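Text of the file target.cif, holding mmCIF, C-alpha atoms:
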```cif
data_start
#
loop_
_atom_site.group_PDB
_atom_site.id
_atom_site.type_symbol
_atom_site.label_atom_id
_atom_site.label_comp_id
_atom_site.auth_asym_id
_atom_site.auth_seq_id
_atom_site.Cartn_x
_atom_site.Cartn_y
_atom_site.Cartn_z
ATOM 1 C CA MET A 1 -32.829 11.209 20.888
ATOM 2 C CA SER A 2 -29.800 11.807 18.630
ATOM 3 C CA THR A 3 -29.754 14.715 16.252
ATOM 4 C CA PRO A 4 -29.215 14.078 12.514
ATOM 5 C CA ASP A 5 -25.644 15.421 12.784
ATOM 6 C CA THR A 6 -24.888 13.054 15.644
ATOM 7 C CA ASP A 7 -26.312 10.137 13.692
ATOM 8 C CA SER A 8 -24.190 11.071 10.683
ATOM 9 C CA GLN A 9 -21.037 11.298 12.766
ATOM 10 C CA ALA A 10 -21.777 7.969 14.401
ATOM 11 C CA ALA A 11 -22.284 6.337 11.002
ATOM 12 C CA ALA A 12 -18.966 7.755 9.789
ATOM 13 C CA ARG A 13 -17.227 6.092 12.733
ATOM 14 C CA ARG A 14 -18.960 2.746 12.422
ATOM 15 C CA PRO A 15 -16.517 -0.034 11.430
ATOM 16 C CA ALA A 16 -17.091 -1.327 7.912
ATOM 17 C CA TRP A 17 -14.869 -4.329 8.609
ATOM 18 C CA VAL A 18 -14.116 -6.367 11.718
ATOM 19 C CA LEU A 19 -11.427 -4.522 13.701
ATOM 20 C CA PRO A 20 -9.052 -5.863 16.357
ATOM 21 C CA PRO A 21 -9.751 -4.782 19.948
ATOM 22 C CA GLY A 22 -8.646 -1.245 20.661
ATOM 23 C CA TRP A 23 -8.838 -0.001 17.069
ATOM 24 C CA SER A 24 -11.158 2.979 16.503
ATOM 25 C CA VAL A 25 -12.573 4.475 13.290
ATOM 26 C CA LEU A 26 -11.694 8.132 12.671
ATOM 27 C CA GLY A 27 -13.482 8.676 9.363
ATOM 28 C CA THR A 28 -15.207 6.937 6.483
ATOM 29 C CA GLU A 29 -15.362 7.503 2.720
ATOM 30 C CA SER A 30 -18.297 6.023 0.834
ATOM 31 C CA TRP A 31 -19.616 5.798 -2.696
ATOM 32 C CA GLY A 32 -23.360 5.564 -2.468
ATOM 33 C CA PRO A 33 -24.172 2.805 0.029
ATOM 34 C CA PHE A 34 -20.688 1.274 -0.270
ATOM 35 C CA VAL A 35 -17.879 1.992 2.188
ATOM 36 C CA VAL A 36 -14.633 2.191 0.199
ATOM 37 C CA ARG A 37 -12.135 3.572 2.736
ATOM 38 C CA GLN A 38 -11.752 4.134 6.463
ATOM 39 C CA LEU A 39 -9.071 5.781 8.573
ATOM 40 C CA VAL A 40 -8.507 3.819 11.766
ATOM 41 C CA ARG A 41 -6.377 4.526 14.825
ATOM 42 C CA ARG A 42 -4.473 1.584 16.266
ATOM 43 C CA PRO A 43 -3.843 1.186 20.009
ATOM 44 C CA ASP A 44 -0.263 2.437 19.483
ATOM 45 C CA GLY A 45 -1.639 5.740 18.144
ATOM 46 C CA ALA A 46 -0.709 5.140 14.493
ATOM 47 C CA VAL A 47 -3.381 5.921 11.895
ATOM 48 C CA VAL A 48 -3.842 3.319 9.154
ATOM 49 C CA GLU A 49 -5.987 3.211 6.024
ATOM 50 C CA LEU A 50 -8.414 0.357 5.433
ATOM 51 C CA THR A 51 -9.904 -0.039 1.940
ATOM 52 C CA GLY A 52 -12.434 -2.381 0.421
ATOM 53 C CA ARG A 53 -9.943 -3.439 -2.241
ATOM 54 C CA ARG A 54 -7.183 -4.380 0.208
ATOM 55 C CA HIS A 55 -9.692 -6.058 2.517
ATOM 56 C CA ARG A 56 -11.032 -8.444 -0.116
ATOM 57 C CA LYS A 57 -7.506 -9.166 -1.372
ATOM 58 C CA GLN A 58 -6.395 -9.930 2.208
ATOM 59 C CA LEU A 59 -3.688 -7.259 2.118
ATOM 60 C CA PRO A 60 -2.578 -5.530 5.325
ATOM 61 C CA PRO A 61 -3.685 -1.963 6.067
ATOM 62 C CA ARG A 62 -1.410 0.878 4.990
ATOM 63 C CA LEU A 63 0.069 3.521 7.279
ATOM 64 C CA GLU A 64 -1.668 6.831 6.553
ATOM 65 C CA GLY A 65 0.790 9.528 5.569
ATOM 66 C CA GLY A 66 3.716 7.131 5.595
ATOM 67 C CA PRO A 67 6.522 7.176 3.006
ATOM 68 C CA SER A 68 5.774 5.870 -0.479
ATOM 69 C CA LEU A 69 7.665 2.585 -0.711
ATOM 70 C CA ARG A 70 8.192 0.825 -3.999
ATOM 71 C CA PRO A 71 6.817 -2.730 -3.810
ATOM 72 C CA THR A 72 8.444 -5.748 -5.387
ATOM 73 C CA ALA A 73 6.367 -8.064 -7.582
ATOM 74 C CA LEU A 74 5.378 -11.404 -6.104
ATOM 75 C CA LEU A 75 6.813 -13.654 -8.811
ATOM 76 C CA TRP A 76 6.061 -17.055 -7.287
ATOM 77 C CA SER A 77 3.354 -17.893 -4.766
ATOM 78 C CA PRO A 78 1.099 -20.687 -6.108
ATOM 79 C CA SER A 79 -0.592 -21.016 -2.723
ATOM 80 C CA THR A 80 -1.933 -17.442 -2.999
ATOM 81 C CA VAL A 81 -5.225 -16.892 -4.818
ATOM 82 C CA GLY A 82 -4.281 -13.339 -5.747
ATOM 83 C CA TRP A 83 -1.112 -14.577 -7.425
ATOM 84 C CA TRP A 84 -3.123 -16.899 -9.643
ATOM 85 C CA VAL A 85 -5.498 -14.061 -10.510
ATOM 86 C CA GLY A 86 -2.592 -11.973 -11.771
ATOM 87 C CA VAL A 87 -0.894 -14.811 -13.650
ATOM 88 C CA LEU A 88 -4.080 -15.995 -15.356
ATOM 89 C CA PHE A 89 -4.969 -12.455 -16.419
ATOM 90 C CA ILE A 90 -1.428 -12.025 -17.782
ATOM 91 C CA VAL A 91 -1.728 -15.148 -19.951
ATOM 92 C CA GLY A 92 -5.238 -14.270 -21.133
ATOM 93 C CA SER A 93 -4.243 -10.712 -21.999
ATOM 94 C CA ALA A 94 -1.151 -11.930 -23.827
ATOM 95 C CA CYS A 95 -3.291 -14.259 -25.956
ATOM 96 C CA PHE A 96 -5.594 -11.392 -26.956
ATOM 97 C CA ALA A 97 -2.632 -9.115 -27.685
ATOM 98 C CA VAL A 98 -0.903 -11.727 -29.853
ATOM 99 C CA GLY A 99 -4.126 -12.661 -31.633
ATOM 100 C CA SER A 100 -4.758 -9.048 -32.641
ATOM 101 C CA VAL A 101 -1.320 -8.525 -34.232
ATOM 102 C CA PRO A 102 -1.873 -8.579 -38.041
ATOM 103 C CA GLY A 103 1.333 -10.493 -38.680
ATOM 104 C CA TYR A 104 0.171 -13.323 -36.413
ATOM 105 C CA VAL A 105 -2.686 -14.290 -38.731
ATOM 106 C CA ALA A 106 -0.351 -14.145 -41.742
ATOM 107 C CA ALA A 107 2.188 -16.363 -39.962
ATOM 108 C CA THR A 108 -0.391 -18.909 -38.802
ATOM 109 C CA SER A 109 -3.982 -19.011 -40.046
ATOM 110 C CA VAL A 110 -7.415 -17.604 -39.273
ATOM 111 C CA ALA A 111 -8.278 -20.835 -37.442
ATOM 112 C CA VAL A 112 -5.202 -20.653 -35.200
ATOM 113 C CA ASP A 113 -5.931 -16.991 -34.508
ATOM 114 C CA ALA A 114 -9.475 -17.883 -33.433
ATOM 115 C CA VAL A 115 -8.163 -20.628 -31.134
ATOM 116 C CA THR A 116 -5.726 -18.136 -29.586
ATOM 117 C CA TYR A 117 -8.588 -15.803 -28.711
ATOM 118 C CA PHE A 118 -10.683 -18.647 -27.315
ATOM 119 C CA VAL A 119 -7.841 -19.924 -25.119
ATOM 120 C CA GLY A 120 -7.231 -16.388 -23.902
ATOM 121 C CA SER A 121 -10.899 -16.020 -22.978
ATOM 122 C CA LEU A 122 -10.687 -19.189 -20.862
ATOM 123 C CA PHE A 123 -7.765 -17.726 -18.918
ATOM 124 C CA PHE A 124 -9.760 -14.517 -18.477
ATOM 125 C CA THR A 125 -12.713 -16.444 -17.059
ATOM 126 C CA SER A 126 -10.507 -18.502 -14.727
ATOM 127 C CA ALA A 127 -8.916 -15.339 -13.334
ATOM 128 C CA ALA A 128 -12.270 -13.556 -13.059
ATOM 129 C CA TYR A 129 -13.764 -16.506 -11.177
ATOM 130 C CA LEU A 130 -10.917 -16.533 -8.652
ATOM 131 C CA GLN A 131 -11.296 -12.779 -8.219
ATOM 132 C CA PHE A 132 -15.023 -13.242 -7.638
ATOM 133 C CA HIS A 133 -14.205 -16.018 -5.163
ATOM 134 C CA GLN A 134 -11.954 -13.604 -3.250
ATOM 135 C CA ALA A 135 -14.666 -10.964 -3.068
ATOM 136 C CA ALA A 136 -17.369 -13.462 -2.107
ATOM 137 C CA HIS A 137 -15.329 -15.034 0.674
ATOM 138 C CA ALA A 138 -13.821 -11.906 2.211
ATOM 139 C CA SER A 139 -14.436 -11.790 5.948
ATOM 140 C CA ASP A 140 -17.794 -10.331 6.866
ATOM 141 C CA PRO A 141 -18.186 -6.790 8.152
ATOM 142 C CA GLU A 142 -20.639 -6.159 10.957
ATOM 143 C CA PRO A 143 -23.332 -8.866 10.976
ATOM 144 C CA ALA A 144 -26.039 -8.091 8.458
ATOM 145 C CA PRO A 145 -29.581 -7.695 9.839
ATOM 146 C CA VAL A 146 -30.808 -10.287 7.349
ATOM 147 C CA PRO A 147 -28.811 -13.509 6.797
ATOM 148 C CA ARG A 148 -27.504 -13.862 3.258
ATOM 149 C CA ALA A 149 -25.794 -16.481 1.161
ATOM 150 C CA ARG A 150 -22.011 -16.552 1.507
ATOM 151 C CA TRP A 151 -21.603 -16.020 -2.236
ATOM 152 C CA VAL A 152 -23.533 -12.745 -2.096
ATOM 153 C CA ARG A 153 -21.844 -9.602 -0.776
ATOM 154 C CA ALA A 154 -24.325 -6.958 -1.901
ATOM 155 C CA ARG A 155 -22.797 -4.318 0.383
ATOM 156 C CA SER A 156 -19.348 -4.714 -1.222
ATOM 157 C CA LEU A 157 -18.557 -2.635 -4.303
ATOM 158 C CA GLY A 158 -15.658 -4.974 -5.075
ATOM 159 C CA TRP A 159 -18.083 -7.911 -5.128
ATOM 160 C CA TRP A 160 -20.240 -6.116 -7.699
ATOM 161 C CA ALA A 161 -17.183 -5.292 -9.813
ATOM 162 C CA SER A 162 -15.903 -8.867 -9.808
ATOM 163 C CA SER A 163 -19.390 -10.315 -10.424
ATOM 164 C CA VAL A 164 -20.064 -8.135 -13.467
ATOM 165 C CA GLN A 165 -16.568 -8.791 -14.812
ATOM 166 C CA LEU A 166 -17.092 -12.557 -14.476
ATOM 167 C CA VAL A 167 -20.288 -12.283 -16.519
ATOM 168 C CA GLY A 168 -18.339 -10.298 -19.118
ATOM 169 C CA THR A 169 -15.722 -13.031 -19.456
ATOM 170 C CA LEU A 170 -18.493 -15.583 -20.057
ATOM 171 C CA PHE A 171 -19.727 -13.426 -22.935
ATOM 172 C CA PHE A 172 -16.165 -13.404 -24.302
ATOM 173 C CA ASN A 173 -16.115 -17.204 -24.021
ATOM 174 C CA ALA A 174 -19.272 -17.297 -26.119
ATOM 175 C CA THR A 175 -18.040 -14.908 -28.818
ATOM 176 C CA THR A 176 -14.593 -16.516 -29.181
ATOM 177 C CA PHE A 177 -16.133 -20.001 -29.269
ATOM 178 C CA ALA A 178 -18.586 -18.939 -31.976
ATOM 179 C CA ALA A 179 -15.690 -17.407 -33.942
ATOM 180 C CA LEU A 180 -14.116 -20.875 -34.167
ATOM 181 C CA HIS A 181 -16.833 -21.763 -36.667
ATOM 182 C CA THR A 182 -17.192 -20.493 -40.225
ATOM 183 C CA GLY A 183 -19.950 -20.253 -42.807
ATOM 184 C CA PHE A 184 -22.211 -17.881 -40.887
ATOM 185 C CA THR A 185 -24.509 -15.487 -42.703
ATOM 186 C CA VAL A 186 -24.122 -11.803 -41.863
ATOM 187 C CA ARG A 187 -27.089 -11.949 -39.514
ATOM 188 C CA GLN A 188 -25.730 -15.072 -37.802
ATOM 189 C CA GLU A 189 -22.285 -13.441 -37.514
ATOM 190 C CA ASP A 190 -23.722 -10.399 -35.781
ATOM 191 C CA PHE A 191 -25.920 -12.485 -33.480
ATOM 192 C CA ARG A 192 -23.492 -15.254 -32.505
ATOM 193 C CA VAL A 193 -20.144 -13.476 -32.616
ATOM 194 C CA TRP A 194 -20.707 -9.732 -32.388
ATOM 195 C CA SER A 195 -23.544 -9.631 -29.831
ATOM 196 C CA PRO A 196 -21.720 -11.476 -26.999
ATOM 197 C CA ASP A 197 -18.592 -9.450 -27.788
ATOM 198 C CA PHE A 198 -20.554 -6.228 -27.373
ATOM 199 C CA PHE A 199 -22.305 -7.305 -24.171
ATOM 200 C CA GLY A 200 -19.033 -8.599 -22.736
ATOM 201 C CA SER A 201 -17.461 -5.216 -23.411
ATOM 202 C CA VAL A 202 -20.392 -3.486 -21.689
ATOM 203 C CA CYS A 203 -19.868 -5.700 -18.634
ATOM 204 C CA PHE A 204 -16.153 -4.888 -18.585
ATOM 205 C CA LEU A 205 -16.911 -1.160 -18.733
ATOM 206 C CA VAL A 206 -19.379 -1.380 -15.842
ATOM 207 C CA ALA A 207 -17.032 -3.553 -13.766
ATOM 208 C CA SER A 208 -14.134 -1.168 -14.415
ATOM 209 C CA TRP A 209 -16.296 1.788 -13.405
ATOM 210 C CA PHE A 210 -17.112 0.065 -10.100
ATOM 211 C CA ALA A 211 -13.419 -0.719 -9.574
ATOM 212 C CA VAL A 212 -12.422 2.902 -10.231
ATOM 213 C CA GLU A 213 -15.008 4.165 -7.747
ATOM 214 C CA GLU A 214 -13.729 1.671 -5.179
ATOM 215 C CA VAL A 215 -10.217 3.160 -5.289
ATOM 216 C CA ARG A 216 -11.077 6.800 -6.035
ATOM 217 C CA LEU A 217 -8.866 9.298 -4.215
ATOM 218 C CA PRO A 218 -10.705 12.640 -4.337
ATOM 219 C CA GLY A 219 -8.594 15.633 -3.457
ATOM 220 C CA ARG A 220 -5.350 13.667 -3.479
ATOM 221 C CA PRO A 221 -2.393 15.044 -5.506
ATOM 222 C CA TRP A 222 -1.435 13.202 -8.692
ATOM 223 C CA ARG A 223 1.775 11.812 -7.186
ATOM 224 C CA GLN A 224 -0.133 10.211 -4.318
ATOM 225 C CA ARG A 225 -2.688 8.700 -6.677
ATOM 226 C CA TRP A 226 0.029 7.301 -8.944
ATOM 227 C CA ALA A 227 1.777 5.740 -5.932
ATOM 228 C CA ASP A 228 -1.399 3.771 -5.180
ATOM 229 C CA ILE A 229 -1.040 0.564 -7.210
ATOM 230 C CA GLY A 230 -4.713 -0.309 -6.880
ATOM 231 C CA TRP A 231 -5.587 3.065 -8.424
ATOM 232 C CA ARG A 232 -3.296 2.354 -11.384
ATOM 233 C CA VAL A 233 -4.737 -1.133 -11.871
ATOM 234 C CA ALA A 234 -8.310 0.171 -11.836
ATOM 235 C CA TRP A 235 -7.600 2.888 -14.407
ATOM 236 C CA LEU A 236 -5.601 0.568 -16.677
ATOM 237 C CA ASN A 237 -8.549 -1.809 -16.669
ATOM 238 C CA MET A 238 -10.894 1.085 -17.405
ATOM 239 C CA TRP A 239 -8.844 2.107 -20.457
ATOM 240 C CA GLY A 240 -8.617 -1.528 -21.510
ATOM 241 C CA SER A 241 -12.402 -1.777 -21.315
ATOM 242 C CA VAL A 242 -12.812 1.410 -23.366
ATOM 243 C CA PHE A 243 -10.532 0.002 -26.075
ATOM 244 C CA PHE A 244 -12.413 -3.323 -26.034
ATOM 245 C CA MET A 245 -15.701 -1.459 -26.460
ATOM 246 C CA ALA A 246 -14.283 0.511 -29.392
ATOM 247 C CA SER A 247 -13.134 -2.780 -30.908
ATOM 248 C CA ALA A 248 -16.565 -4.363 -30.423
ATOM 249 C CA ILE A 249 -18.388 -1.465 -32.064
ATOM 250 C CA ALA A 250 -15.954 -1.473 -34.981
ATOM 251 C CA ALA A 251 -16.375 -5.241 -35.434
ATOM 252 C CA PHE A 252 -20.081 -5.005 -36.293
ATOM 253 C CA VAL A 253 -20.738 -6.622 -39.675
ATOM 254 C CA LEU A 254 -22.654 -4.293 -41.992
ATOM 255 C CA PRO A 255 -25.665 -6.120 -43.504
ATOM 256 C CA ASP A 256 -25.403 -4.343 -46.874
ATOM 257 C CA THR A 257 -21.740 -5.089 -47.588
ATOM 258 C CA GLY A 258 -20.743 -7.880 -45.216
ATOM 259 C CA ASP A 259 -17.752 -5.776 -44.122
ATOM 260 C CA LEU A 260 -16.813 -4.689 -40.628
ATOM 261 C CA VAL A 261 -17.447 -1.100 -39.591
ATOM 262 C CA SER A 262 -13.651 -0.764 -39.295
ATOM 263 C CA ALA A 263 -11.325 -3.757 -39.273
ATOM 264 C CA SER A 264 -8.340 -1.612 -38.309
ATOM 265 C CA VAL A 265 -10.131 -0.122 -35.288
ATOM 266 C CA ALA A 266 -11.359 -3.583 -34.284
ATOM 267 C CA ASN A 267 -7.825 -5.000 -34.305
ATOM 268 C CA SER A 268 -6.094 -1.993 -32.765
ATOM 269 C CA GLY A 269 -8.772 -1.672 -30.069
ATOM 270 C CA THR A 270 -8.332 -5.310 -29.094
ATOM 271 C CA PHE A 271 -4.539 -4.963 -29.053
ATOM 272 C CA LEU A 272 -4.464 -1.766 -26.990
ATOM 273 C CA GLY A 273 -7.081 -3.100 -24.589
ATOM 274 C CA ALA A 274 -5.155 -6.345 -24.132
ATOM 275 C CA VAL A 275 -1.944 -4.414 -23.439
ATOM 276 C CA CYS A 276 -3.728 -2.337 -20.783
ATOM 277 C CA PHE A 277 -5.068 -5.502 -19.150
ATOM 278 C CA LEU A 278 -1.631 -7.114 -19.389
ATOM 279 C CA VAL A 279 0.094 -4.253 -17.571
ATOM 280 C CA GLY A 280 -2.722 -4.120 -15.020
ATOM 281 C CA ALA A 281 -2.367 -7.863 -14.398
ATOM 282 C CA TRP A 282 1.373 -7.471 -13.820
ATOM 283 C CA LEU A 283 0.632 -4.717 -11.294
ATOM 284 C CA LEU A 284 -1.628 -7.174 -9.455
ATOM 285 C CA LEU A 285 1.535 -9.147 -8.677
ATOM 286 C CA VAL A 286 3.291 -5.948 -7.662
ATOM 287 C CA GLU A 287 0.384 -5.108 -5.356
ATOM 288 C CA LEU A 288 0.869 -8.442 -3.601
ATOM 289 C CA GLY A 289 4.624 -8.070 -3.268
ATOM 290 C CA PRO A 290 6.600 -6.882 -0.234
ATOM 291 C CA THR A 291 7.849 -3.317 -0.011
ATOM 292 C CA GLU A 292 11.508 -2.413 -0.168
ATOM 293 C CA ALA A 293 11.484 -1.915 3.575
ATOM 294 C CA GLU A 294 10.322 -5.498 4.037
ATOM 295 C CA THR A 295 12.970 -6.957 1.734
ATOM 296 C CA THR A 296 15.977 -5.096 3.192
#
```
Target format structure tokens, applied to this file:
Amino acid sequence: MSTPDTDSQAAARRPAWVLPPGWSVLGTESWGPFVVRQLVRRPDGAVVELTGRRHRKQLPPRLEGGPSLRPTALLWSPSTVGWWVGVLFIVGSACFAVGSVPGYVAATSVAVDAVTYFVGSLFFTSAAYLQFHQAAHASDPEPAPVPRARWVRARSLGWWASSVQLVGTLFFNATTFAALHTGFTVRQEDFRVWSPDFFGSVCFLVASWFAVEEVRLPGRPWRQRWADIGWRVAWLNMWGSVFFMASAIAAFVLPDTGDLVSASVANSGTFLGAVCFLVGAWLLLVELGPTEAETT
């Protein structure tokens, strides 16, 4: 009978994803029950890094300890789901950024501003759905002991992140759609507009937390973390979610006065959050792009 240490070592070398023949697992990094990274030796002796993020995005494994190569953004690839995710998030983020600029309302109208937010939320939801689709349809790891629906990947942290984010975008659809209408009482404003905004921001925070844990690099020097594009995307989205939450809290309508807690914080939080999401969305295209070595 195996000792506990032997069992632990065997678990650390168990493939989390389907490997080609001759590939062997050297070590595993997990967060709770979720495998987030594995070091694998190829038949040629090279050691490569497999991650949950790259697996669900159908990106090739990276050479462990290899030189940091600057990727080039994938500017046009309409047949690639990941490309559409990045583009749709870029457009949605741009709409939220533009809508939160004070001069935009003065140049247009409150109604046009509300439409801008609503259109942006639709782009957010489209991108979030495609991202969820990627996570749900990533190739299976070792066969699960209990059959499960293809749309459910409970053992994938990326699936949980994309699922919660998709729910958050639906809340943003609800709040921006409600904001198209006028004449609400203070109580109706807080219930129909503020509440879904707040819950959507909570979902974005939780999803961003999952995404950060999926790409965490404990013990790695700052330069190595910064070179990891997925790490930058996850943290930009986390800061964007923090700014959106600050905006949501500041947008609560006070029953006694009918004023927002802080209109300036609400607008600036939305703008800064949208900018973070915009940059993160652009980096999604960079993450998909070829490296300099592949383009020379």
Selected by the PyMOL selection byres ((chain A and resi 53) around 10) in the shown coordinates: which residues, as a PyMOL selection string? chain A and resi 36-37+50-52+54-59+135+156-159+211+214-215+230-231
Save the residues we just selected, C-alpha atoms, as a short mmCIF file (atom, residue, chain, number, x, y, z; two decimals), in the coordinates of the input?
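Contents of the output file again.cif:
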```cif
data_model
loop_
_atom_site.label_atom_id
_atom_site.label_comp_id
_atom_site.auth_asym_id
_atom_site.auth_seq_id
_atom_site.Cartn_x
_atom_site.Cartn_y
_atom_site.Cartn_z
CA VAL A 36 -14.63 2.19 0.20
CA ARG A 37 -12.14 3.57 2.74
CA LEU A 50 -8.41 0.36 5.43
CA THR A 51 -9.90 -0.04 1.94
CA GLY A 52 -12.43 -2.38 0.42
CA ARG A 54 -7.18 -4.38 0.21
CA HIS A 55 -9.69 -6.06 2.52
CA ARG A 56 -11.03 -8.44 -0.12
CA LYS A 57 -7.51 -9.17 -1.37
CA GLN A 58 -6.40 -9.93 2.21
CA LEU A 59 -3.69 -7.26 2.12
CA ALA A 135 -14.67 -10.96 -3.07
CA SER A 156 -19.35 -4.71 -1.22
CA LEU A 157 -18.56 -2.64 -4.30
CA GLY A 158 -15.66 -4.97 -5.08
CA TRP A 159 -18.08 -7.91 -5.13
CA ALA A 211 -13.42 -0.72 -9.57
CA GLU A 214 -13.73 1.67 -5.18
CA VAL A 215 -10.22 3.16 -5.29
CA GLY A 230 -4.71 -0.31 -6.88
CA TRP A 231 -5.59 3.06 -8.42
#
```
So which residues touch stretch 192-194 of chain A within 8 Å, counting all atoms listed in the file, skipping near sequence neighbours fewer than 2 positions away, as a PyMOL selection string? chain A and resi 174-176+178-179+188-190+196-198+248+251-253
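The residues returned by the PyMOL selection byres ((chain A and resi 42) around 10) for this structure are A:Leu19, A:Pro20, A:Pro21, A:Gly22, A:Trp23, A:Ser24, A:Val25, A:Leu39, A:Val40, A:Arg41, A:Pro43, A:Asp44, A:Gly45, A:Ala46, A:Val47, A:Val48.
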Which residue out of A:Phe171, A:Gln134, A:Ser264, A:Asn237 has the minimum interatomic distance to A:Ala250 when all atoms listed in the file are used? A:Ser264
Env of A:Gly92: 7 Å cut, atoms = only C-alpha atoms, seq-sep filter 3 positions within chain, self excluded. Answer as a ChimeraX atom specification. /A:88-89,95-96,120-121,123-124
Let me see the file: selected residues, C-alpha atoms, as a PDB file, in the frame of the given file.
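selection.pdb written:
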```pdb
ATOM      1  CA  LEU A  88      -4.080 -15.995 -15.356  1.00  0.00           C
ATOM      2  CA  PHE A  89      -4.969 -12.455 -16.419  1.00  0.00           C
ATOM      3  CA  CYS A  95      -3.291 -14.259 -25.956  1.00  0.00           C
ATOM      4  CA  PHE A  96      -5.594 -11.392 -26.956  1.00  0.00           C
ATOM      5  CA  GLY A 120      -7.231 -16.388 -23.902  1.00  0.00           C
ATOM      6  CA  SER A 121     -10.899 -16.020 -22.978  1.00  0.00           C
ATOM      7  CA  PHE A 123      -7.765 -17.726 -18.918  1.00  0.00           C
ATOM      8  CA  PHE A 124      -9.760 -14.517 -18.477  1.00  0.00           C
TER       9      PHE A 124
END
```
Find the residue from A:Ala128, A:Leu285, A:Leu63, A:Ala138 that sits nearest to A:Trp17; use all atoms listed in the file when measuring. A:Ala138
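For the set A:Val279, A:Val87, A:Leu254, A:Val112, the residue with the smallest atom-to-atom gap to A:Arg187 is A:Leu254, counting only C-alpha atoms.
Counting from atom CA of A:Trp84, the distance to atom CA of A:Ala227 is 23.5 Å.
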For the provided coordinates, the residues matched by the PyMOL selection byres ((chain A and resi 205) around 10) should be stated as a ChimeraX atom specification. /A:161,164-165,168,199-204,206-211,237-245
Using C-alpha atoms, can you write the selected residues to a file as a PDB file, in the coordinates of the input?
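Writing done, so here's again_33.pdb:
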```
ATOM      1  CA  ALA A 161     -17.183  -5.292  -9.813  1.00  0.00           C
ATOM      2  CA  VAL A 164     -20.064  -8.135 -13.467  1.00  0.00           C
ATOM      3  CA  GLN A 165     -16.568  -8.791 -14.812  1.00  0.00           C
ATOM      4  CA  GLY A 168     -18.339 -10.298 -19.118  1.00  0.00           C
ATOM      5  CA  PHE A 199     -22.305  -7.305 -24.171  1.00  0.00           C
ATOM      6  CA  GLY A 200     -19.033  -8.599 -22.736  1.00  0.00           C
ATOM      7  CA  SER A 201     -17.461  -5.216 -23.411  1.00  0.00           C
ATOM      8  CA  VAL A 202     -20.392  -3.486 -21.689  1.00  0.00           C
ATOM      9  CA  CYS A 203     -19.868  -5.700 -18.634  1.00  0.00           C
ATOM     10  CA  PHE A 204     -16.153  -4.888 -18.585  1.00  0.00           C
ATOM     11  CA  VAL A 206     -19.379  -1.380 -15.842  1.00  0.00           C
ATOM     12  CA  ALA A 207     -17.032  -3.553 -13.766  1.00  0.00           C
ATOM     13  CA  SER A 208     -14.134  -1.168 -14.415  1.00  0.00           C
ATOM     14  CA  TRP A 209     -16.296   1.788 -13.405  1.00  0.00           C
ATOM     15  CA  PHE A 210     -17.112   0.065 -10.100  1.00  0.00           C
ATOM     16  CA  ALA A 211     -13.419  -0.719  -9.574  1.00  0.00           C
ATOM     17  CA  ASN A 237      -8.549  -1.809 -16.669  1.00  0.00           C
ATOM     18  CA  MET A 238     -10.894   1.085 -17.405  1.00  0.00           C
ATOM     19  CA  TRP A 239      -8.844   2.107 -20.457  1.00  0.00           C
ATOM     20  CA  GLY A 240      -8.617  -1.528 -21.510  1.00  0.00           C
ATOM     21  CA  SER A 241     -12.402  -1.777 -21.315  1.00  0.00           C
ATOM     22  CA  VAL A 242     -12.812   1.410 -23.366  1.00  0.00           C
ATOM     23  CA  PHE A 243     -10.532   0.002 -26.075  1.00  0.00           C
ATOM     24  CA  PHE A 244     -12.413  -3.323 -26.034  1.00  0.00           C
ATOM     25  CA  MET A 245     -15.701  -1.459 -26.460  1.00  0.00           C
TER      26      MET A 245
END
```
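In this model, the gap between atom CA of A:Phe132 and atom CA of A:Ala281 comes to 15.3 Å.
Across A:Val105, A:Leu278, A:Leu288, A:Ala266, the tightest approach to A:Pro60 is made by A:Leu288 when counting all atoms listed in the file.
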Here's a test: counting all atoms listed in the file, identify every protein, DNA and RNA residue with an atom at most 10 Å from (-12.5, 12.2, 9.7) in the file's coordinate frame, and state them as a PyMOL selection string. chain A and resi 9+12-13+25-29+38-40
For the atom pair atom CA of A:Val212 and atom CA of A:Trp235, what is the interatomic distance in Å to one decimal place? 6.4 Å
